Structures are given as structure tokens and as C-alpha cells.
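Notes to accompany the following structure.
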Number of protein chains: 2
Amino acid sequence: MATVIDNIGLLVTNRPEMGEGALGLLRDVSVVIANGEVVSVDGVGQVADERIDAQGRCVLPGFVASHTHLVFAGDRAEEFSKRMAGQPYDGGGIQVTTTATRAASDDDLRALSKARLEEAHRAGTTTIEIKSGYGLNVKDEARSLRLAQEITSETTFLGAHLLPSEYAGRADDYIDLVCGDMLTAARPHARWIDAFCEVGAFDEGQCRQVLTAGREAGLGLRLHGNQLGHGPGVQLAVEMGCASVDHCTYLSDEDIEALAASDTVATFLPATDFSTRQPYPDARRVIDAGASVAIASNCNPGSSYTTSLSFCIALAVRDMHMTIEEAIQAVTLGGAAALRRDDVGYLAPGAKGHLVILDADSYHDLAYRPGVPLIAQTVT
Amino acid sequence: MATVIDNIGLLVTNRPEMGEGALGLLRDVSVVIANGEVVSVDGVGQVADERIDAQGRCVLPGFVASHTHLVFAGDRAEEFSKRMAGQPYDGGGIQVTTTATRAASDDDLRALSKARLEEAHRAGTTTIEIKSGYGLNVKDEARSLRLAQEITSETTFLGAHLLPSEYAGRADDYIDLVCGDMLTAARPHARWIDAFCEVGAFDEGQCRQVLTAGREAGLGLRLHGNQLGHGPGVQLAVEMGCASVDHCTYLSDEDIEALAASDTVATFLPATDFSTRQPYPDARRVIDAGASVAIASNCNPGSSYTTSLSFCIALAVRDMHMTIEEAIQAVTLGGAAALRRDDVGYLAPGAKGHLVILDADSYHDLAYRPGVPLIAQTVT
């Protein structure tokens with residue numbers, strides 16, 4: 001089965017050696033995909049079973065959303081309204097979603113997750129990471145991961161998301177459960193393990209215990225850190241060799257130095273800073289220091305109920321002072337690096353045939369035309 | 001011809017006397033439209049030629065975009081990129097668009113404008129104001145208005161947008177032209193007259209001259225003011241009885257008092273503040289003082305290339321501290337007030353049958369789910 005995307009006016013390959021500038025731009029080309037993989041980016045006239053006409057528009061690698069929480073029931077519009085009226089965000093609402101998620105049937109959770117996945121796909125996301133973290137008991141964490149695994153291979157066990165109310169005052173007991181029976185039940189359904197290292201969630205020692213147990217169980221490591229204030233998250237993530245440390249809204253000079261000297265990707269979640277009315281991270285300093293960065297949606301019902309990486313790009317350019325090119329790379333190559341994937345995030349022979357056709361001549365429009373739905377077609 | 005919108009889970013009527021709260025909310029109703037007008041909002045079982053199933057979702061009045069510049073050729077993505085890299089916005093790029101617009105054929109301009117109108121319509125806009133201002137000579141101002149008039153009745157003559165380069169150093173001569181031959185040529189195609197009162201554009205005296213000439217010619221009055229700094233725009237607009245003064249990013253206490261004591265609507269254009277990296281207006285103070293407010297997209301290629309009023313709502317809630325309900329009203333009733341229209345912006349007998357069906361249970365999602373295309377269907 002071969003597919004040709006014909007009549008591409010501007011192609012972002014993300015391979016500087018293949019084209020112009022950091023994005024490796026090519027003009028007036030076709031992309032040939034066979035058996036799900038890109039076989040060429042100059043295949044004019046290639047025989048194909050399927051031919052898609054890009055109508056001279058811009059084509060990019062599909063977006064890689066390396067941080068989402070898609071499996072949940074209920075919403076928190078009321079909490080959002082109160083927050084916009086001045087109530088600060090402290091993550092406490094996670095318990096509300098946990099209650100709703102535990103109460104939902106498999107079929108309901110499956111349908112809700114699938115609808116969000118499809119929305120993300122229409123918005124250009126072709127690779128998606130999904131975390132548990134709204135089960136917070138052995139049965140429901142395993143169930144959330146099992147359902148997530150039905151729709152993505154990038155599943156992350158986040159039992160250490162928030163202390164469930166039934167463990168109030170017994171955080172260490174809960175962490176023992178996370179590292180014991182819960183991890184055992186989650187393991188068959190997870191590729192990654194994650195923890196929320198923040199005042200009000202879990203402390204450095206608890207997160208280290210979770211990451212250590214996950215590593216021993218063969219899971220890859222990631223961490224939520226430095227979202228609501230300065231803290232030990234970034235340093236811990238670097239120390240443990242996490243693939244990514246996510247949020248990074250508050251970073252010290254030492255945090256930035258540690259990131260720059262490591263392979264840990266700093267993943268920014270600007271839609272979260274938008275929807276919690278937090279300051280935006282200083283991406284400029286992080287990039288200029290030489291650290292790797294990604295941008296993800298963090299789609300979840302509490303702090304960032306969006307699937308739109310286009311929206312995140314616009315925020316990153318306006319409010320995080322990233323160039324448009326850097327923001328595009330952060331949602332493609334950056335997301336791939338944060339998931340340690342070398343088969344997505346770019347378009348060249350060997351990459352998966354995942355791409356988006358914009359309803360625009362240039363990728364610039366993703367920042368220049370905020371709020372406009374510019375994804376004409378997502379190809380996977 | 002009668003149309004029934006059935007199975008509406010939540011209806012925003014914008015008529016507090018008809019339902020709950022400021023938005024006049026009704027639940028589980030149908031809207032009946034006959035000959036283009038709403039005849040009832042509780043017409044269950046009504047005979048209809050056409051039946052649209054809202055699937056239990058939320059329905060709102062169509063959005064009223066009371067400030068756009070849709071008729072233009074070319075784009076200014078490069079200027080945008082430079083601005084995001086630190087170059088300040090001063091409005092000077094308007095000349096770039098003027099050159100491209102003058103050079104475009106009628107057919108090209110018509111096609112470009114229509115495509116943007118359709119994009120705005122898909123995004124929920126059912127009433128749209130369109131300004132000239134990229135012609136800046138007698139022929140091209142009249143042409144822009146003639147083309148705008150083909151797609152909306154809300155056309156605005158904005159010859160006083162920027163001094164064209166051929167009049168450099170002769171601003172008063174240009175204003176005489178605007179008030180003379182240009183107004184005569186524009187008049188048959190315009191409902192409104194507008195001017196850009198700002199350092200770098202036109203001063204108070206020049207704008208007063210334009211508004212006075214427009215009033216004498218029978219046009220309604222509007223004004224751009226207080227966008228890039230404090231200035232005389234708001235006071236002039238109130239003094240002249242303008243229907244609206246637009247931007248209002250920089251307001252003094254006296255400006256707010258003047259607005260509150262007048263019928264002039266303060267129209268905010270938050271996507272412009274987003275795309276020019278300006279501060280956002282303090283809408284809270286303006287509303288609390290009792291002034292009328294609107295929000296519009298200001299769709300134009302220089303400072304705000306978006307047609308999405310959903311995006312503007314999200315910004316207004318996050319960055320202008322408006323409640324979600326206030327932001328919804330500002331893009332519906334507010335826009336209608338800014339255009340002195342009493343037939344749009346609400347859904348009750350007598351209103352035009354213009355509405356949007358959201359892909360959501362509640363209007364909250366317009367702020368709670370930023371960047372997600374939530375307009376399932378626009379009905380006109």
C-alpha cells in the first residue's frame with residue numbers, strides 16, 4: 001500500500017541537512033509513504049494506491065503530544081470559572097476527576113477517551129502519550145492504563161498524581177502501594193512511570209522512591225516538576241535520567257544548567273499556564289543554555305482542557321518568546337525526544353508516514369493566525 | 001420556510017427576563033425560525049421544512065464581529081515574525097497591505113474576502129462589520145467598500161487609516177481628500193465612517209474633521225483609539241457620539257468615566273493585543289464603571305490575523321478578567337450594540353435566526369477549552 005501526498009507547496013522535514021534552515025524546508029515536492037513509512041520526499045510521479053492533493057499548501061510532520069491525561073470522566077468547568085474569578089490553582093481538583101473516573105464504566109471511559117483522541121487527531125496530533133492518575137487505586141489505575149493502551153503505545157503510570165482522600169495523612173503508605181501492588185498491576189499496560197513532584201502532591205523522596213521502583217520494573221522515567229513554584233523536580237529528573245521533566249514553569253539558574261548538561265527534555269505545557277493563569281516559563285533562557293525542549297498540550301479536565309498544539313505554539317511564540325520555528329520543532333521533534341522516539345517528529349525516509357496538511361501556505365500561520373483551525377487533514 | 005433547531009440542551013437567549021441569569025439560559029428547548037426570524041424558543045413539535053438536531057448541546061446567538069478589515073490582499077507573516085523577535089508594532093505595515101490591495105484585481109480581492117468571511121462564519125460569526133482602509137485613494141477605497149458591500153451591510157469607510165506614502169508630510173491635504181472626493185465616492189457603499197486616532201496615524205483634530213464630514217454625509221460614527229498609548233480617542237468618540245470606540249487598551253480614569261456616562265461602546269480587540277504583544281485592556285474596571293463593552297476580532301493581516309471570536313473569549317477571560325458570561329455577551333449583544341443593531345446578538349421572537357451550535361454541553365467550554373474548534377454548526 002503506497003500513498004503519495006502530491007503538490008506540497010512547502011514541506012517541513014525537520015532535517016536541516018535535507019533542506020533550508022533548521023526546519024529543513026523543501027518546496028514543491030511530494031511525499032511517498034509505503035507500508036506506513038516515508039520512503040521519499042521527492043517522489044513526483046510515483047505509482048500509488050492513494051493520492052492526496054496538498055493543493056500547494058504547507059505540510060508538517062504530525063504533532064507529538066508527549067504529555068496528556070486523556071482517560072477521565074467528568075469535567076471541571078466550575079472549578080475553571082472559580083479560578084478565573086480569582087481562586088488559585090493547587091491541583092486539589094484532581095480528586096473530583098478521580099471520583100468521576102472510578103464511577104464510570106469501561107465503555108463510558110473508552111468512548112470519552114476515544115472522542116478526545118479523535119479531537120487531538122483532527123488537530124494534528126499523530127503520536128500521543130496518555131497517563132493514568134485518575135484511578136489512584138490498584139484496580140482503577142490498571143484499568144485506566146489498559147484503556148489507554150487500546151489507543152496508544154505511549155502509556156504512563158501516574159499512580160503518584162495526588163494523594164487520594166482515603167489515604168489522607170498516610171502519604172508514605174500510599175507511595176508504598178504505588179511502588180508495590182499498583183505498579184505490579186500497572187506494569188503490563190505501561191511504558192513509562194511518572195510522579196507529580198510539587199508542594200501539595202509528593203515530595204522529592206517520595207518521587208525518587210516511585211521512579212526507582214519504576215526503573216526496577218523496566219519502565220522509562222518521566223516527572224512532573226516545577227509547575228507551581230521552585231522545587232526539586234528538575235534536579236531529581238536529571239539525577240534519575242528521566243526522559244522528560246514536564247511543566248518547568250519555575251526554573252532556577254541551577255535547574256537550567258542541570259537540564260543543559262543532561263539528556264532530560266524540558267517539556268513546557270503553556271496551555272496549562274494559560275488556564276491556571278500562571279506565569280509562562282522562560283523558554284528563551286532554557287533554549288539559549290542548550291537544553292532540549294518540547295511543548296505538549298497536557299490535555300486534562302483541571303488545568304488544561306485543550307487538545308490543540310496549534311494553540312500551544314501561538315502561546316509559546318507570544319508569551320514564551322520562542323521563534324515560530326522553535327515552537328514547531330518543540331511539538332514535533334521535541335515531543336519525539338521526550339518520548340525517546342526516533343521514528344516520529346520528522347519527515348524523511350525511515351520516519352513514520354504521519355503528517356499534517358495545513359490550510360495555509362506556511363507554518364507561520366500556526367502562530368500568526370491564532371485560534372483559526374488550520375489543520376486541513378491529518379494523515380496517519 | 002420554517003426551520004426548527006431541536007433538542008437544544010442549553011440555550012443562551014441573552015434575555016435575562018426569559019431564563020436563568022444574565023444570559024437568560026433555557027434548558028431542553030427548541031428554537032423555531034420562520035422567514036429568517038426567531039418566532040419561538042419553546043416550539044417543541046412545531047411543523048418545519050427543515051429540522052436541525054442540536055443533539056442536546058449548547059446553542060448561542062450567532063457572534064457579531066463589529067470590527068474587521070477583511071478586504072485586503074497579501075499577508076504580513078514576516079512582519080509578525082520580526083515583531084515576535086522584538087520589533088515593536090507601530091501600524092506602519094498598513095502601507096504594505098495597501099500596496100498589495102491596490103495591485104489586486106476585483107476578482108482576487110473578492111475571492112480572498114469571501115474565503116475569510118466563510119472562515120469567520122464557520123467560527124460562529126453571523127454578523128460582520130468590514131472596513132476599508134487599505135485603498136487609501138479615491139478609487140481603491142470606493143472599490144474596497146463596494147466589494148465589502150457584496151458580503152455585508154455593515155460597511156465602514158476608513159480612508160483615515162494611515163497616511164499613504166504619496167501624501168508623506170501632507171497629512172492635512174490627505175484628510176481634506178478623505179472628507180471630500182473620497183467620502184463622496186465611498187458614501188454609496190458605506191454605513192459607517194471611522195478613523196485611526198493614534199500617534200503615527202491621525203491626531204484629534206484630523207479625526208474630528210473626518211467624523212464631522214461623515215456625520216454630515218449621513219454616516220454613523222466609530223473610531224479607533226487608545227491602542228498604543230493614552231490619547232484623545234475615547235474622549236473624542238464620546239464627544240462626537242460614536243457608536244463605538246475600538247481598542248481601548250490604554251484608558252485613564254477620565255476615559256472610563258466618559259465611557260460610563262455615554263452610549264459609546266468600548267470595543268476590545270484582545271487578539272490584537274495578543275498578536276502585537278501589547279498589554280491587555282483592564283476590562284474589569286470599564287465594566288464595573290458601568291460602560292457598555294464589546295469584543296471583536298479585528299481580523300486584519302497586520303495586527304490580528306484571526307477570525308476566531310472563541311479565541312477572543314478565552315483571552316478576555318484569562319487576560320482581561322472578564323467572566324465567561326461577560327465575554328459571551330461581549331461578542332453577541334456587545335457587538336450588536338456597537339453596530340446599533342437590535343435584531344442580532346440574542347435569541348427571542350423578533351431576532352434574526354442566527355445561531356451557533358456548539359460541540360459542547362455548555363458555553364463555558366469557549367473559555368475552558370481554548371484552541372479547540374467548538375463551533376459544530378453556524379445557522380443563518
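Scheme for the C-alpha cells: letters A, B, ... for chains in order shown; per-chain residue numbers from 1; ligand numbers from 1 in order shown.
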**Q.** Selection: 12 Å around Glu216 in chain B, only C-alpha atoms, excl. self and same-chain fewer than 3 positions, as a PyMOL selection string
**A.** chain B and resi 179-180+183-184+187+192-193+209-213+219-221
Take the residues from that selection and write them out as an mmCIF file, in the first residue's frame, keeping N, CA, C and O atoms.
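Everything below was put into result11.cif:
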```cif
data_model
loop_
_atom_site.group_PDB
_atom_site.id
_atom_site.type_symbol
_atom_site.label_atom_id
_atom_site.label_comp_id
_atom_site.auth_asym_id
_atom_site.auth_seq_id
_atom_site.Cartn_x
_atom_site.Cartn_y
_atom_site.Cartn_z
ATOM 1 N N CYS B 179 -12.240 63.726 3.360
ATOM 2 C CA CYS B 179 -13.518 64.372 3.668
ATOM 3 C C CYS B 179 -14.217 64.908 2.411
ATOM 4 O O CYS B 179 -15.372 65.333 2.491
ATOM 5 N N GLY B 180 -13.501 64.894 1.312
ATOM 6 C CA GLY B 180 -14.064 65.426 0.072
ATOM 7 C C GLY B 180 -14.392 64.318 -0.923
ATOM 8 O O GLY B 180 -15.332 63.542 -0.734
ATOM 9 N N LEU B 183 -14.821 60.614 0.391
ATOM 10 C CA LEU B 183 -16.093 60.386 1.088
ATOM 11 C C LEU B 183 -17.246 60.318 0.087
ATOM 12 O O LEU B 183 -18.129 59.454 0.195
ATOM 13 N N THR B 184 -17.216 61.193 -0.904
ATOM 14 C CA THR B 184 -18.270 61.188 -1.923
ATOM 15 C C THR B 184 -18.321 59.847 -2.654
ATOM 16 O O THR B 184 -19.395 59.284 -2.887
ATOM 17 N N ARG B 187 -19.395 56.996 -0.008
ATOM 18 C CA ARG B 187 -20.708 57.141 0.619
ATOM 19 C C ARG B 187 -21.755 56.117 0.171
ATOM 20 O O ARG B 187 -22.430 55.513 1.019
ATOM 21 N N TRP B 192 -20.994 53.347 7.814
ATOM 22 C CA TRP B 192 -20.253 53.974 8.901
ATOM 23 C C TRP B 192 -19.017 54.694 8.369
ATOM 24 O O TRP B 192 -18.509 54.372 7.310
ATOM 25 N N ILE B 193 -18.514 55.627 9.202
ATOM 26 C CA ILE B 193 -17.193 56.206 8.952
ATOM 27 C C ILE B 193 -16.347 56.010 10.206
ATOM 28 O O ILE B 193 -16.877 55.969 11.332
ATOM 29 N N GLN B 209 -12.390 66.165 12.176
ATOM 30 C CA GLN B 209 -12.778 66.621 10.832
ATOM 31 C C GLN B 209 -13.412 65.471 10.024
ATOM 32 O O GLN B 209 -14.447 65.658 9.357
ATOM 33 N N VAL B 210 -12.804 64.316 10.104
ATOM 34 C CA VAL B 210 -13.329 63.154 9.370
ATOM 35 C C VAL B 210 -14.710 62.761 9.893
ATOM 36 O O VAL B 210 -15.658 62.536 9.121
ATOM 37 N N LEU B 211 -14.831 62.679 11.211
ATOM 38 C CA LEU B 211 -16.118 62.257 11.789
ATOM 39 C C LEU B 211 -17.211 63.275 11.481
ATOM 40 O O LEU B 211 -18.361 62.914 11.191
ATOM 41 N N THR B 212 -16.857 64.537 11.535
ATOM 42 C CA THR B 212 -17.841 65.589 11.252
ATOM 43 C C THR B 212 -18.331 65.499 9.801
ATOM 44 O O THR B 212 -19.539 65.558 9.525
ATOM 45 N N ALA B 213 -17.382 65.308 8.897
ATOM 46 C CA ALA B 213 -17.760 65.171 7.479
ATOM 47 C C ALA B 213 -18.627 63.939 7.261
ATOM 48 O O ALA B 213 -19.608 63.965 6.504
ATOM 49 N N LEU B 219 -23.441 59.270 7.581
ATOM 50 C CA LEU B 219 -22.860 58.014 8.060
ATOM 51 C C LEU B 219 -22.870 57.958 9.586
ATOM 52 O O LEU B 219 -22.787 58.986 10.267
ATOM 53 N N GLY B 220 -22.957 56.736 10.116
ATOM 54 C CA GLY B 220 -22.760 56.539 11.549
ATOM 55 C C GLY B 220 -21.276 56.633 11.882
ATOM 56 O O GLY B 220 -20.423 56.426 11.015
ATOM 57 N N LEU B 221 -20.990 56.922 13.145
ATOM 58 C CA LEU B 221 -19.599 57.215 13.521
ATOM 59 C C LEU B 221 -18.994 56.130 14.410
ATOM 60 O O LEU B 221 -19.650 55.602 15.309
#
```
Residues of chain B were defined as contacting chain A if any atom lay at most 8 Å from it, counting only C-alpha atoms; please report them as a short mmCIF file (atom, residue, chain, number, x, y, z; two decimals) with all heavy atoms, in the first residue's frame.
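And here's result.cif as it stands now:
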```cif
data_model
loop_
_atom_site.label_atom_id
_atom_site.label_comp_id
_atom_site.auth_asym_id
_atom_site.auth_seq_id
_atom_site.Cartn_x
_atom_site.Cartn_y
_atom_site.Cartn_z
N ALA B 77 3.16 37.94 7.38
CA ALA B 77 3.73 36.95 8.29
C ALA B 77 5.15 37.33 8.68
O ALA B 77 5.56 37.12 9.82
CB ALA B 77 3.71 35.57 7.63
N PHE B 80 5.10 39.91 11.31
CA PHE B 80 4.71 39.25 12.55
C PHE B 80 5.90 38.55 13.21
O PHE B 80 6.15 38.70 14.40
CB PHE B 80 3.58 38.25 12.28
CG PHE B 80 3.21 37.43 13.49
CD1 PHE B 80 2.41 37.95 14.49
CD2 PHE B 80 3.70 36.14 13.63
CE1 PHE B 80 2.10 37.20 15.61
CE2 PHE B 80 3.39 35.37 14.74
CZ PHE B 80 2.59 35.91 15.73
N SER B 81 6.66 37.81 12.40
CA SER B 81 7.83 37.09 12.95
C SER B 81 8.84 38.06 13.55
O SER B 81 9.37 37.83 14.63
CB SER B 81 8.52 36.27 11.85
OG SER B 81 7.65 35.28 11.38
N MET B 84 7.56 39.36 16.83
CA MET B 84 7.70 38.38 17.91
C MET B 84 9.16 38.29 18.36
O MET B 84 9.44 37.91 19.48
CB MET B 84 7.17 37.01 17.47
CG MET B 84 5.65 36.97 17.31
SD MET B 84 4.72 37.32 18.85
CE MET B 84 4.02 38.94 18.52
N ALA B 85 10.08 38.67 17.46
CA ALA B 85 11.50 38.68 17.83
C ALA B 85 11.90 40.00 18.48
O ALA B 85 13.07 40.21 18.80
CB ALA B 85 12.36 38.42 16.61
N PHE B 274 -2.83 40.38 21.76
CA PHE B 274 -2.07 39.12 21.71
C PHE B 274 -1.00 39.19 20.62
O PHE B 274 0.17 38.96 20.87
CB PHE B 274 -3.03 37.95 21.45
CG PHE B 274 -2.38 36.59 21.46
CD1 PHE B 274 -2.26 35.88 22.65
CD2 PHE B 274 -1.87 36.03 20.30
CE1 PHE B 274 -1.65 34.63 22.67
CE2 PHE B 274 -1.25 34.78 20.32
CZ PHE B 274 -1.14 34.08 21.51
N SER B 275 -1.42 39.54 19.41
CA SER B 275 -0.52 39.43 18.25
C SER B 275 0.45 40.60 18.13
O SER B 275 1.35 40.56 17.29
CB SER B 275 -1.33 39.27 16.96
OG SER B 275 -1.92 38.00 16.91
N ARG B 277 1.73 41.78 21.09
CA ARG B 277 2.37 41.65 22.40
C ARG B 277 2.24 42.94 23.21
O ARG B 277 3.19 43.42 23.82
CB ARG B 277 3.83 41.20 22.28
CG ARG B 277 4.25 40.35 23.45
CD ARG B 277 5.71 39.98 23.39
NE ARG B 277 5.97 38.72 22.73
CZ ARG B 277 7.00 38.49 21.93
NH1 ARG B 277 7.85 39.44 21.67
NH2 ARG B 277 7.18 37.29 21.42
N SER B 304 -3.71 41.32 13.77
CA SER B 304 -4.66 40.37 14.36
C SER B 304 -5.26 39.52 13.26
O SER B 304 -6.41 39.69 12.88
CB SER B 304 -5.78 41.15 15.07
OG SER B 304 -6.69 40.27 15.70
N TYR B 305 -4.50 38.53 12.78
CA TYR B 305 -5.00 37.79 11.63
C TYR B 305 -5.78 36.56 12.10
O TYR B 305 -5.41 35.42 11.82
CB TYR B 305 -3.85 37.41 10.71
CG TYR B 305 -4.26 37.01 9.31
CD1 TYR B 305 -5.58 37.05 8.90
CD2 TYR B 305 -3.31 36.63 8.39
CE1 TYR B 305 -5.95 36.69 7.62
CE2 TYR B 305 -3.66 36.26 7.09
CZ TYR B 305 -4.99 36.29 6.72
OH TYR B 305 -5.35 35.93 5.45
N THR B 306 -6.87 36.82 12.81
CA THR B 306 -7.73 35.72 13.24
C THR B 306 -9.18 36.09 13.02
O THR B 306 -9.55 37.27 13.08
CB THR B 306 -7.51 35.36 14.72
OG1 THR B 306 -8.27 34.19 15.04
CG2 THR B 306 -7.93 36.49 15.67
N THR B 307 -10.00 35.08 12.76
CA THR B 307 -11.44 35.26 12.65
C THR B 307 -12.14 34.63 13.85
O THR B 307 -13.37 34.56 13.87
CB THR B 307 -11.96 34.57 11.38
OG1 THR B 307 -11.41 33.24 11.35
CG2 THR B 307 -11.57 35.32 10.13
N SER B 308 -11.38 34.16 14.84
CA SER B 308 -11.95 33.35 15.91
C SER B 308 -12.37 34.18 17.11
O SER B 308 -11.54 34.61 17.92
CB SER B 308 -10.93 32.30 16.36
OG SER B 308 -11.42 31.62 17.49
N SER B 310 -14.05 32.80 19.47
CA SER B 310 -13.82 31.88 20.59
C SER B 310 -12.46 32.16 21.22
O SER B 310 -12.31 32.18 22.44
CB SER B 310 -13.86 30.42 20.13
OG SER B 310 -15.08 30.11 19.53
N PHE B 311 -11.46 32.35 20.37
CA PHE B 311 -10.12 32.68 20.87
C PHE B 311 -10.16 33.99 21.66
O PHE B 311 -9.57 34.09 22.74
CB PHE B 311 -9.16 32.78 19.69
CG PHE B 311 -7.76 33.20 20.04
CD1 PHE B 311 -6.95 32.38 20.81
CD2 PHE B 311 -7.26 34.41 19.60
CE1 PHE B 311 -5.65 32.77 21.14
CE2 PHE B 311 -5.96 34.80 19.92
CZ PHE B 311 -5.16 33.98 20.69
N VAL B 317 -11.27 36.21 29.14
CA VAL B 317 -11.46 35.61 30.47
C VAL B 317 -10.12 35.50 31.18
O VAL B 317 -9.98 35.86 32.35
CB VAL B 317 -12.15 34.24 30.33
CG1 VAL B 317 -12.16 33.50 31.66
CG2 VAL B 317 -13.59 34.43 29.82
N ARG B 318 -9.11 35.02 30.48
CA ARG B 318 -7.81 34.78 31.10
C ARG B 318 -7.08 36.08 31.40
O ARG B 318 -6.52 36.26 32.47
CB ARG B 318 -6.97 33.93 30.15
CG ARG B 318 -5.81 33.20 30.80
CD ARG B 318 -4.50 33.97 30.83
NE ARG B 318 -3.43 33.14 31.35
CZ ARG B 318 -2.22 33.56 31.63
NH1 ARG B 318 -1.90 34.82 31.46
NH2 ARG B 318 -1.31 32.74 32.10
N HIS B 321 -9.77 39.44 32.65
CA HIS B 321 -10.53 39.19 33.87
C HIS B 321 -12.03 39.42 33.71
O HIS B 321 -12.71 39.84 34.63
CB HIS B 321 -9.96 40.02 35.03
CG HIS B 321 -8.57 39.61 35.39
ND1 HIS B 321 -8.29 38.82 36.49
CD2 HIS B 321 -7.37 39.81 34.77
CE1 HIS B 321 -6.97 38.59 36.53
NE2 HIS B 321 -6.40 39.18 35.50
N THR B 323 -15.75 37.70 33.24
CA THR B 323 -16.34 36.39 33.47
C THR B 323 -16.67 35.78 32.11
O THR B 323 -16.75 36.49 31.09
CB THR B 323 -17.64 36.48 34.30
OG1 THR B 323 -18.62 37.16 33.51
CG2 THR B 323 -17.42 37.23 35.61
N ILE B 324 -16.87 34.47 32.10
CA ILE B 324 -17.20 33.82 30.84
C ILE B 324 -18.50 34.41 30.29
O ILE B 324 -18.63 34.67 29.10
CB ILE B 324 -17.32 32.29 31.04
CG1 ILE B 324 -15.97 31.73 31.54
CG2 ILE B 324 -17.75 31.60 29.75
CD1 ILE B 324 -16.00 30.26 31.90
N HIS B 364 -19.45 27.46 28.67
CA HIS B 364 -18.19 27.54 29.42
C HIS B 364 -17.00 27.08 28.60
O HIS B 364 -15.89 27.59 28.75
CB HIS B 364 -18.25 26.64 30.67
CG HIS B 364 -19.05 27.21 31.78
ND1 HIS B 364 -20.26 26.66 32.17
CD2 HIS B 364 -18.84 28.27 32.60
CE1 HIS B 364 -20.75 27.38 33.17
NE2 HIS B 364 -19.92 28.35 33.45
N ASP B 365 -17.25 26.06 27.76
CA ASP B 365 -16.14 25.46 27.03
C ASP B 365 -15.43 26.45 26.13
O ASP B 365 -14.26 26.25 25.77
CB ASP B 365 -16.62 24.25 26.22
CG ASP B 365 -16.87 23.03 27.11
OD1 ASP B 365 -17.01 23.22 28.34
OD2 ASP B 365 -16.92 21.90 26.59
N TYR B 368 -12.98 27.46 28.61
CA TYR B 368 -12.39 26.33 29.34
C TYR B 368 -11.59 25.43 28.40
O TYR B 368 -10.68 24.73 28.82
CB TYR B 368 -13.56 25.58 29.97
CG TYR B 368 -13.31 24.31 30.73
CD1 TYR B 368 -12.26 24.19 31.63
CD2 TYR B 368 -14.18 23.22 30.57
CE1 TYR B 368 -12.09 23.01 32.35
CE2 TYR B 368 -14.02 22.05 31.29
CZ TYR B 368 -12.96 21.95 32.17
OH TYR B 368 -12.80 20.79 32.88
N ARG B 369 -11.92 25.45 27.10
CA ARG B 369 -11.25 24.58 26.14
C ARG B 369 -10.60 25.43 25.04
O ARG B 369 -10.97 25.35 23.85
CB ARG B 369 -12.25 23.57 25.55
CG ARG B 369 -13.03 22.78 26.62
CD ARG B 369 -13.40 21.40 26.16
NE ARG B 369 -12.18 20.68 25.84
CZ ARG B 369 -12.08 19.71 24.93
NH1 ARG B 369 -13.15 19.34 24.26
NH2 ARG B 369 -10.93 19.12 24.69
N PRO B 370 -9.61 26.25 25.39
CA PRO B 370 -9.04 27.20 24.42
C PRO B 370 -8.39 26.49 23.25
O PRO B 370 -7.75 25.44 23.41
CB PRO B 370 -7.99 27.96 25.25
CG PRO B 370 -7.63 27.04 26.36
CD PRO B 370 -8.90 26.30 26.69
N GLY B 371 -8.57 27.05 22.06
CA GLY B 371 -7.93 26.50 20.86
C GLY B 371 -8.68 25.35 20.22
O GLY B 371 -8.35 24.96 19.10
N VAL B 372 -9.68 24.81 20.91
CA VAL B 372 -10.44 23.68 20.35
C VAL B 372 -11.55 24.26 19.47
O VAL B 372 -12.28 25.14 19.92
CB VAL B 372 -11.04 22.81 21.47
CG1 VAL B 372 -11.86 21.68 20.90
CG2 VAL B 372 -9.93 22.27 22.38
N PRO B 373 -11.68 23.79 18.23
CA PRO B 373 -12.75 24.33 17.37
C PRO B 373 -14.10 23.79 17.85
O PRO B 373 -14.42 22.64 17.61
CB PRO B 373 -12.40 23.81 15.97
CG PRO B 373 -11.22 22.92 16.12
CD PRO B 373 -10.87 22.78 17.55
#
```
Q. Within 12 Å of Glu257 in chain A, counting only C-alpha atoms, which residues qualify if same-chain residues fewer than 5 places away don't, as a list in words?
A. Val234, Gln235, Val238, Leu251, Ser252, Ser262, Asp263, Thr264, Ala266, Arg285, Val286, Ile287, Asp288, Ala289, Gly290, Ala291 and Ser292 of chain A
**Q.** Residue set, range 128-313 of chain B restricted to helix (DSSP H, G or I), as a PyMOL selection string
**A.** chain B and resi 138-149+165-167+171-189+204-216+233-240+253-260+270-275+283-288+309-313
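Across the model, the gap from CA of Phe63 in chain A to CA of Leu136 in chain A is 29.3 Å.
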Taking only C-alpha atoms into account, produce a table as JSON lines in which each residue of range 291-341 of chain B with an atom at most 12 Å from an atom of range 147-157 of chain B appears once, together with its shortest atom pair and the distance in Å to one decimal, ordered by chain and rising number.
```
{"residue": "B:Gly335", "atom": "CA", "partner": "B:Glu154", "partner_atom": "CA", "distance": 11.7}
{"residue": "B:Ala336", "atom": "CA", "partner": "B:Glu154", "partner_atom": "CA", "distance": 11.0}
{"residue": "B:Ala338", "atom": "CA", "partner": "B:Glu154", "partner_atom": "CA", "distance": 11.1}
{"residue": "B:Leu339", "atom": "CA", "partner": "B:Glu154", "partner_atom": "CA", "distance": 7.8}
{"residue": "B:Arg340", "atom": "CA", "partner": "B:Glu154", "partner_atom": "CA", "distance": 10.5}
{"residue": "B:Arg341", "atom": "CA", "partner": "B:Glu154", "partner_atom": "CA", "distance": 10.2}
```
